[in-house]
Structure formats: structure tokens, C-alpha cells
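Have a look at input14.cif below; it lists mmCIF, C-alpha atoms and all ligand atoms.
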```
data_final
#
loop_
_atom_site.label_atom_id
_atom_site.label_comp_id
_atom_site.auth_asym_id
_atom_site.auth_seq_id
_atom_site.Cartn_x
_atom_site.Cartn_y
_atom_site.Cartn_z
CA MET A 1 -10.98 8.33 36.23
CA VAL A 2 -9.38 8.87 39.64
CA LYS A 3 -10.23 8.28 43.29
CA PRO A 4 -10.09 10.64 46.26
CA ILE A 5 -7.03 9.80 48.34
CA VAL A 6 -6.02 11.36 51.65
CA ALA A 7 -2.38 10.99 52.66
CA PRO A 8 -1.57 12.28 56.15
CA SER A 9 1.97 13.64 56.35
CA ILE A 10 3.71 11.85 59.21
CA LEU A 11 5.89 14.92 59.72
CA ALA A 12 3.08 16.25 61.93
CA SER A 13 2.87 13.07 64.02
CA ASP A 14 4.40 12.32 67.41
CA PHE A 15 7.54 10.52 66.25
CA ALA A 16 7.96 8.87 69.65
CA ASN A 17 4.74 6.96 68.92
CA LEU A 18 4.99 6.73 65.15
CA GLY A 19 3.43 3.29 64.65
CA CYS A 20 0.40 4.10 66.84
CA GLU A 21 0.03 7.52 65.23
CA CYS A 22 -0.08 5.90 61.79
CA HIS A 23 -2.57 3.25 62.93
CA LYS A 24 -4.73 6.07 64.31
CA VAL A 25 -4.98 7.92 60.98
CA ILE A 26 -5.38 4.74 58.92
CA ASN A 27 -8.24 3.66 61.19
CA ALA A 28 -9.67 7.17 60.70
CA GLY A 29 -9.86 6.62 56.93
CA ALA A 30 -6.44 7.64 55.57
CA ASP A 31 -5.60 5.89 52.31
CA TRP A 32 -1.86 6.53 52.11
CA LEU A 33 0.89 7.65 54.48
CA HIS A 34 2.91 10.60 53.16
CA ILE A 35 6.53 10.28 54.22
CA ASP A 36 8.56 13.49 53.94
CA VAL A 37 12.25 12.75 53.47
CA MET A 38 14.44 15.89 53.75
CA ASP A 39 18.21 15.94 53.45
CA GLY A 40 19.16 19.38 54.76
CA HIS A 41 20.47 20.34 51.29
CA PHE A 42 17.56 20.38 48.85
CA VAL A 43 15.52 21.92 51.68
CA PRO A 44 16.71 23.62 54.88
CA ASN A 45 15.53 20.83 57.17
CA ILE A 46 16.35 17.21 58.06
CA THR A 47 13.61 14.72 58.83
CA LEU A 48 13.90 10.95 58.47
CA GLY A 49 15.51 8.21 56.42
CA GLN A 50 15.54 4.53 55.60
CA PRO A 51 15.75 3.03 59.14
CA ILE A 52 12.56 4.80 60.17
CA VAL A 53 10.72 3.85 56.99
CA ALA A 54 11.85 0.22 57.38
CA SER A 55 10.62 0.15 61.01
CA LEU A 56 7.34 1.74 60.05
CA ARG A 57 6.88 -0.84 57.28
CA LYS A 58 6.90 -3.55 59.98
CA ALA A 59 4.16 -1.73 61.90
CA VAL A 60 2.17 -0.87 58.77
CA PRO A 61 2.28 -3.66 56.16
CA ARG A 62 1.70 -3.24 52.46
CA VAL A 63 -1.89 -3.07 51.24
CA ASN A 64 -1.51 -6.43 49.45
CA ASP A 65 -0.21 -8.22 52.57
CA THR A 66 -3.05 -10.67 53.16
CA GLU A 67 -1.41 -12.40 56.13
CA SER A 68 -1.12 -9.46 58.51
CA THR A 69 -4.07 -8.15 60.50
CA LYS A 70 -2.32 -4.82 61.21
CA PRO A 71 -3.61 -1.61 59.60
CA LYS A 72 -2.08 -1.36 56.13
CA ALA A 73 -1.14 1.59 53.92
CA PHE A 74 0.56 2.70 50.74
CA PHE A 75 3.86 4.48 51.49
CA ASP A 76 4.06 7.70 49.49
CA CYS A 77 7.67 8.86 49.87
CA HIS A 78 8.22 12.54 49.06
CA MET A 79 11.95 12.86 48.49
CA MET A 80 13.06 16.43 49.18
CA VAL A 81 16.66 15.49 48.48
CA GLU A 82 19.49 16.34 46.12
CA GLU A 83 20.56 13.57 43.73
CA PRO A 84 17.34 11.57 44.17
CA GLU A 85 18.72 8.86 41.84
CA LYS A 86 21.05 7.76 44.65
CA TRP A 87 18.19 6.80 46.96
CA VAL A 88 15.78 4.82 44.78
CA ALA A 89 17.14 1.33 45.54
CA ASP A 90 17.40 2.02 49.30
CA PHE A 91 13.86 3.32 49.56
CA VAL A 92 12.47 0.44 47.54
CA LYS A 93 14.24 -1.91 49.95
CA CYS A 94 12.90 -0.21 53.07
CA GLY A 95 9.29 -0.31 51.85
CA ALA A 96 8.39 2.63 49.61
CA ASP A 97 5.39 2.10 47.32
CA GLN A 98 5.89 5.36 45.46
CA PHE A 99 8.98 7.56 45.05
CA THR A 100 8.27 11.24 44.39
CA PHE A 101 11.31 13.21 43.30
CA HIS A 102 11.59 16.93 42.73
CA TYR A 103 11.86 18.11 39.14
CA GLU A 104 14.34 20.75 40.38
CA ALA A 105 16.66 18.10 41.86
CA THR A 106 17.50 16.07 38.76
CA LYS A 107 19.04 16.61 35.33
CA ASP A 108 17.21 13.61 33.84
CA PRO A 109 13.60 13.39 35.03
CA LEU A 110 12.56 10.78 32.46
CA GLY A 111 15.59 8.60 33.21
CA LEU A 112 14.72 8.78 36.89
CA VAL A 113 11.10 7.81 36.25
CA LYS A 114 12.33 4.77 34.31
CA LEU A 115 14.76 3.85 37.10
CA ILE A 116 12.01 4.05 39.75
CA LYS A 117 9.61 1.96 37.65
CA SER A 118 12.31 -0.62 36.94
CA HIS A 119 12.22 -1.34 40.69
CA GLY A 120 8.51 -2.14 40.49
CA ILE A 121 7.16 0.87 42.41
CA LYS A 122 5.26 3.98 41.30
CA ALA A 123 7.01 7.12 40.09
CA ALA A 124 5.93 10.68 40.76
CA CYS A 125 7.36 14.14 40.18
CA ALA A 126 6.94 17.24 42.37
CA ILE A 127 7.30 20.92 41.50
CA LYS A 128 8.11 23.72 43.94
CA PRO A 129 5.95 26.87 43.96
CA GLY A 130 8.41 28.75 41.74
CA THR A 131 8.56 26.06 39.04
CA PRO A 132 6.18 26.45 36.10
CA VAL A 133 3.72 23.65 35.55
CA ASP A 134 4.59 23.17 31.87
CA VAL A 135 7.82 21.35 32.82
CA LEU A 136 5.51 18.41 33.60
CA TYR A 137 3.70 18.29 30.27
CA GLU A 138 6.17 16.03 28.47
CA LEU A 139 6.86 13.91 31.52
CA GLY A 140 3.17 13.55 32.46
CA PRO A 141 2.37 10.49 30.32
CA HIS A 142 5.19 8.58 32.07
CA LEU A 143 4.18 9.53 35.62
CA ASP A 144 1.91 7.80 38.13
CA MET A 145 1.40 11.10 39.93
CA ALA A 146 2.30 14.79 39.78
CA LEU A 147 2.71 16.79 42.99
CA VAL A 148 2.03 20.51 43.00
CA MET A 149 3.57 21.96 46.16
CA THR A 150 1.26 24.45 47.85
CA VAL A 151 3.97 25.65 50.27
CA GLU A 152 7.73 25.99 49.93
CA PRO A 153 9.00 22.49 50.75
CA GLY A 154 10.85 22.09 54.04
CA PHE A 155 8.39 22.49 56.89
CA GLY A 156 4.92 21.48 58.00
CA GLY A 157 2.34 23.93 59.30
CA GLN A 158 2.71 26.59 56.59
CA LYS A 159 0.01 28.64 54.85
CA PHE A 160 -1.67 27.15 51.76
CA MET A 161 -0.77 29.01 48.54
CA VAL A 162 -4.04 29.34 46.67
CA GLU A 163 -2.15 30.90 43.75
CA MET A 164 -0.85 27.40 42.89
CA MET A 165 -4.36 26.28 41.86
CA PRO A 166 -4.01 27.28 38.18
CA LYS A 167 -1.18 24.72 37.97
CA VAL A 168 -3.52 22.01 39.27
CA GLU A 169 -6.24 23.09 36.82
CA ALA A 170 -3.79 22.98 33.91
CA LEU A 171 -2.59 19.49 34.85
CA ARG A 172 -6.12 18.16 35.31
CA ALA A 173 -7.10 19.53 31.90
CA LYS A 174 -4.15 17.79 30.24
CA PHE A 175 -4.17 14.56 32.30
CA PRO A 176 -7.75 13.75 33.35
CA ASN A 177 -6.79 10.27 34.59
CA MET A 178 -3.60 11.06 36.48
CA ASN A 179 -3.22 11.27 40.24
CA ILE A 180 -2.63 14.94 41.05
CA GLN A 181 -1.41 15.63 44.56
CA VAL A 182 -1.34 18.87 46.52
CA ASP A 183 0.82 19.26 49.61
CA GLY A 184 1.05 21.98 52.21
CA GLY A 185 -1.51 23.84 54.29
CA LEU A 186 -4.43 21.53 53.41
CA GLY A 187 -7.34 21.23 55.82
CA LYS A 188 -11.08 21.84 56.02
CA GLU A 189 -10.73 25.55 55.13
CA THR A 190 -8.45 25.13 52.11
CA ILE A 191 -9.62 21.82 50.60
CA PRO A 192 -12.45 23.49 48.59
CA HIS A 193 -9.84 25.33 46.46
CA ALA A 194 -7.76 22.21 45.79
CA ALA A 195 -10.78 20.01 45.09
CA LYS A 196 -12.31 22.56 42.70
CA ALA A 197 -9.02 22.83 40.80
CA GLY A 198 -9.03 19.04 40.28
CA ALA A 199 -6.59 17.66 42.84
CA ASN A 200 -7.46 14.13 43.99
CA VAL A 201 -4.54 13.21 46.30
CA ILE A 202 -4.52 15.38 49.39
CA VAL A 203 -1.54 15.54 51.73
CA ALA A 204 -2.47 16.89 55.13
CA GLY A 205 -0.21 16.84 58.16
CA THR A 206 -1.14 19.37 60.83
CA SER A 207 -4.87 19.36 60.08
CA VAL A 208 -5.16 15.57 60.49
CA PHE A 209 -2.64 14.71 63.20
CA THR A 210 -3.66 17.57 65.52
CA ALA A 211 -7.42 17.15 64.98
CA ALA A 212 -9.63 16.10 67.88
CA ASP A 213 -11.45 13.96 65.30
CA PRO A 214 -9.12 13.00 62.41
CA ALA A 215 -11.90 10.89 60.82
CA ASP A 216 -14.06 13.99 60.44
CA VAL A 217 -11.26 15.96 58.71
CA ILE A 218 -10.41 13.05 56.40
CA SER A 219 -14.00 12.35 55.43
CA PHE A 220 -14.68 16.06 54.82
CA MET A 221 -11.69 16.32 52.49
CA LYS A 222 -12.59 13.12 50.66
CA GLY A 223 -16.17 14.34 50.27
CA GLN A 224 -15.02 17.61 48.70
CA VAL A 225 -12.69 15.81 46.29
CA SER A 226 -15.38 13.26 45.33
CA GLU A 227 -17.98 15.95 44.65
CA ASN A 228 -15.64 17.90 42.40
CA LEU A 229 -14.39 14.83 40.55
CA ALA A 230 -17.99 13.69 40.02
CA ALA A 231 -18.91 17.13 38.63
CA LYS A 232 -16.07 16.77 36.10
CA GLY A 233 -17.13 13.19 35.26
CA LEU A 234 -13.80 11.85 36.57
CA LEU A 235 -14.79 10.04 39.79
CA ASP A 236 -13.69 6.40 39.77
O1 LIG B 1 6.29 18.41 52.20
C1 LIG B 1 5.83 19.06 53.09
C2 LIG B 1 6.58 20.22 53.60
O2 LIG B 1 7.76 20.31 52.90
C3 LIG B 1 4.47 18.73 53.59
O3 LIG B 1 4.19 17.35 53.44
C4 LIG B 1 4.08 19.18 54.93
O4 LIG B 1 4.61 18.33 55.90
C5 LIG B 1 2.60 19.24 55.03
O5 LIG B 1 2.29 19.66 56.29
P1 LIG B 1 0.99 20.53 56.65
O6 LIG B 1 1.11 21.82 55.91
O7 LIG B 1 -0.17 19.72 56.21
O8 LIG B 1 1.11 20.65 58.12
#
```
I need this file expressed as C-alpha cells, please.
Amino acid sequence: MVKPIVAPSILASDFANLGCECHKVINAGADWLHIDVMDGHFVPNITLGQPIVASLRKAVPRVNDTESTKPKAFFDCHMMVEEPEKWVADFVKCGADQFTFHYEATKDPLGLVKLIKSHGIKAACAIKPGTPVDVLYELGPHLDMALVMTVEPGFGGQKFMVEMMPKVEALRAKFPNMNIQVDGGLGKETIPHAAKAGANVIVAGTSVFTAADPADVISFMKGQVSENLAAKGLLD
């Protein structure tokens, strides 16, 4: 059983007002914040690192922080970096709740999952569009989440690749109770494909942060995911 989760990608936010931008989408119904970390090597772009995540953590406390009255969120860190092993401890320290590494970036995916979990946070693995889904079959039982990229990683605002949906279907068939995330080009027009295929964690940058009414976009996407999960008997 899984829940619908919408994770706005902060890459599409106004970085000069990052805290307020995050509060805006959390107040509009976002469950997680998706934090795209790019190193200029694994992908041809550079985004943000630990100092920004640490600052954001002060503005957006952890979900289990009962003392703060600020809007809270789960930090879903998507590490588009080479040698992801090197960054686990730093990102745990600056406030990550989940560390998603790329299957293509490591020689020892299972060892990395164990390392991440040994720090007490959740471990997830992403695959690029050209990577076959079956690389995740053995790793799946050890993962908290699998991420099927629906664009080439590196940039926001790209076109959703509907041809990735058979990967999502295959993962949902094998792992009915696992969080399955899709990332890239998701919005009101494309969510029906992802929801039907069985994705339950939806990353959406441009469509949420540039919307006149982010709450409407988030609730539409959650509604689509809920309906499809319910039809499969998997809605938590
Ligand atoms: O990881 C990435 C891109 O590499 C994504 O998280 C995008 O940032 C999603 O942006 P939109 O396609 O929703 O604008």
C-alpha cells in the first residue's frame, strides 16, 4: 500500500526567495520538497549543494519537529553526481531525509544503499531514460524508493517521455508496496500517464512553481494518483 506524494522540484523556484517559495508550495499541499543536486560532471549542469540545503532546513523543519510552527517537509535529495558515496554523510548532516543516487553513478549500488541507511535516512535509486528497468529488480527489496527519470537528467522544463511508462508498470507489478517516483515534465497534462502506470511519487517543478494556483495543480495530480492506486487496490 502506498500514498500519493507530490514533491515540487525547487529547481523551478525563485532561488532568491527560496524559503518563501517552499512555504508557498507546502501550504498548497506539497508533501515533500525535491532537491536536485547536480555536480556538472554526472550531468551537464550545476545547481546547489550543502550550504543551501542546510539553510533551507532552518526555514523548513523536519516533519517530526513538534516545536516549530514553520511549514515542514521531507527533503528528497536527488543526487545527480558522480561518486555519490562521497556525499552521503554531508547531506545527512545538512538535513536530507532521503538520498537518491543514480544507478549509473556507482559500482556498488547495494553497498551504497546500506551506507545511506546506516545514517538513519531513506535510500532510493534513480535510472536515466537509457537504463533498463531490470537493473532495479535485485536492488528493489532494499530500496525505500525507485525513481524512473522521465527526462534526461540535468535540466527542468523538458518534455515528459511517455515511453518510460512501461518501466513504471514493470516496477509496480514487482513491488506493489514501494514508492515509485517519476521526475521530469510532470503536470496536469502528463500526470494521467504516470498515475495509470502506477507511479505514486510525483516530482513537478515548472508546473507547480509557475502555476497561478499551485494548490490546484497539486490536488489534481494527487487525485489522479489516488484514483489509479485505488483501482489497483494499493491506496494507503
Ligand atoms: O531532475 C530533474 C531534472 O534533471 C527534475 O527534477 C526537473 O527539475 C523537473 O523539472 P520539471 O520538468 O518538472 O520542470
At a cut-off of 6 Å around ligand LIG 1 (chain B), and using all atoms listed in the file, what residues come up? Please write them as a VMD selection string. chain A and resid 9 11 36 153 to 158 183 to 186 204 to 206
List every residue of range 67-123 of chain A that has an atom at most 7 Å from any atom of range 50-61 of chain A, and for each one report the closest atom pair and its distance in Å to one decimal, counting all atoms listed in the file, with rows sorted by chain and then by increasing residue number, as a tab-separated table.
```
residue	atom	partner	partner_atom	distance
A:Lys70	CA	A:Val60	CA	6.5
A:Pro71	CA	A:Val60	CA	5.9
A:Lys72	CA	A:Pro61	CA	4.9
A:Ala73	CA	A:Val60	CA	6.4
A:Phe91	CA	A:Gln50	CA	6.4
A:Cys94	CA	A:Ala54	CA	4.5
A:Gly95	CA	A:Arg57	CA	6.0
```
What is the CA of Ala7 in chain A-CA of Ala28 in chain A distance in Å, reported with one decimal?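 For CA of Ala7 in chain A relative to CA of Ala28 in chain A, the distance reads 11.5 Å.
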Calculated over only C-alpha atoms, which of the candidates A:Ile10, A:Val135, A:Leu110, A:Met80 has the smallest distance to Val43 in chain A? A:Met80
Between CA of Asn200 in chain A and CA of Asp31 in chain A, measure the distance and give it in Å to one decimal. 11.9 Å
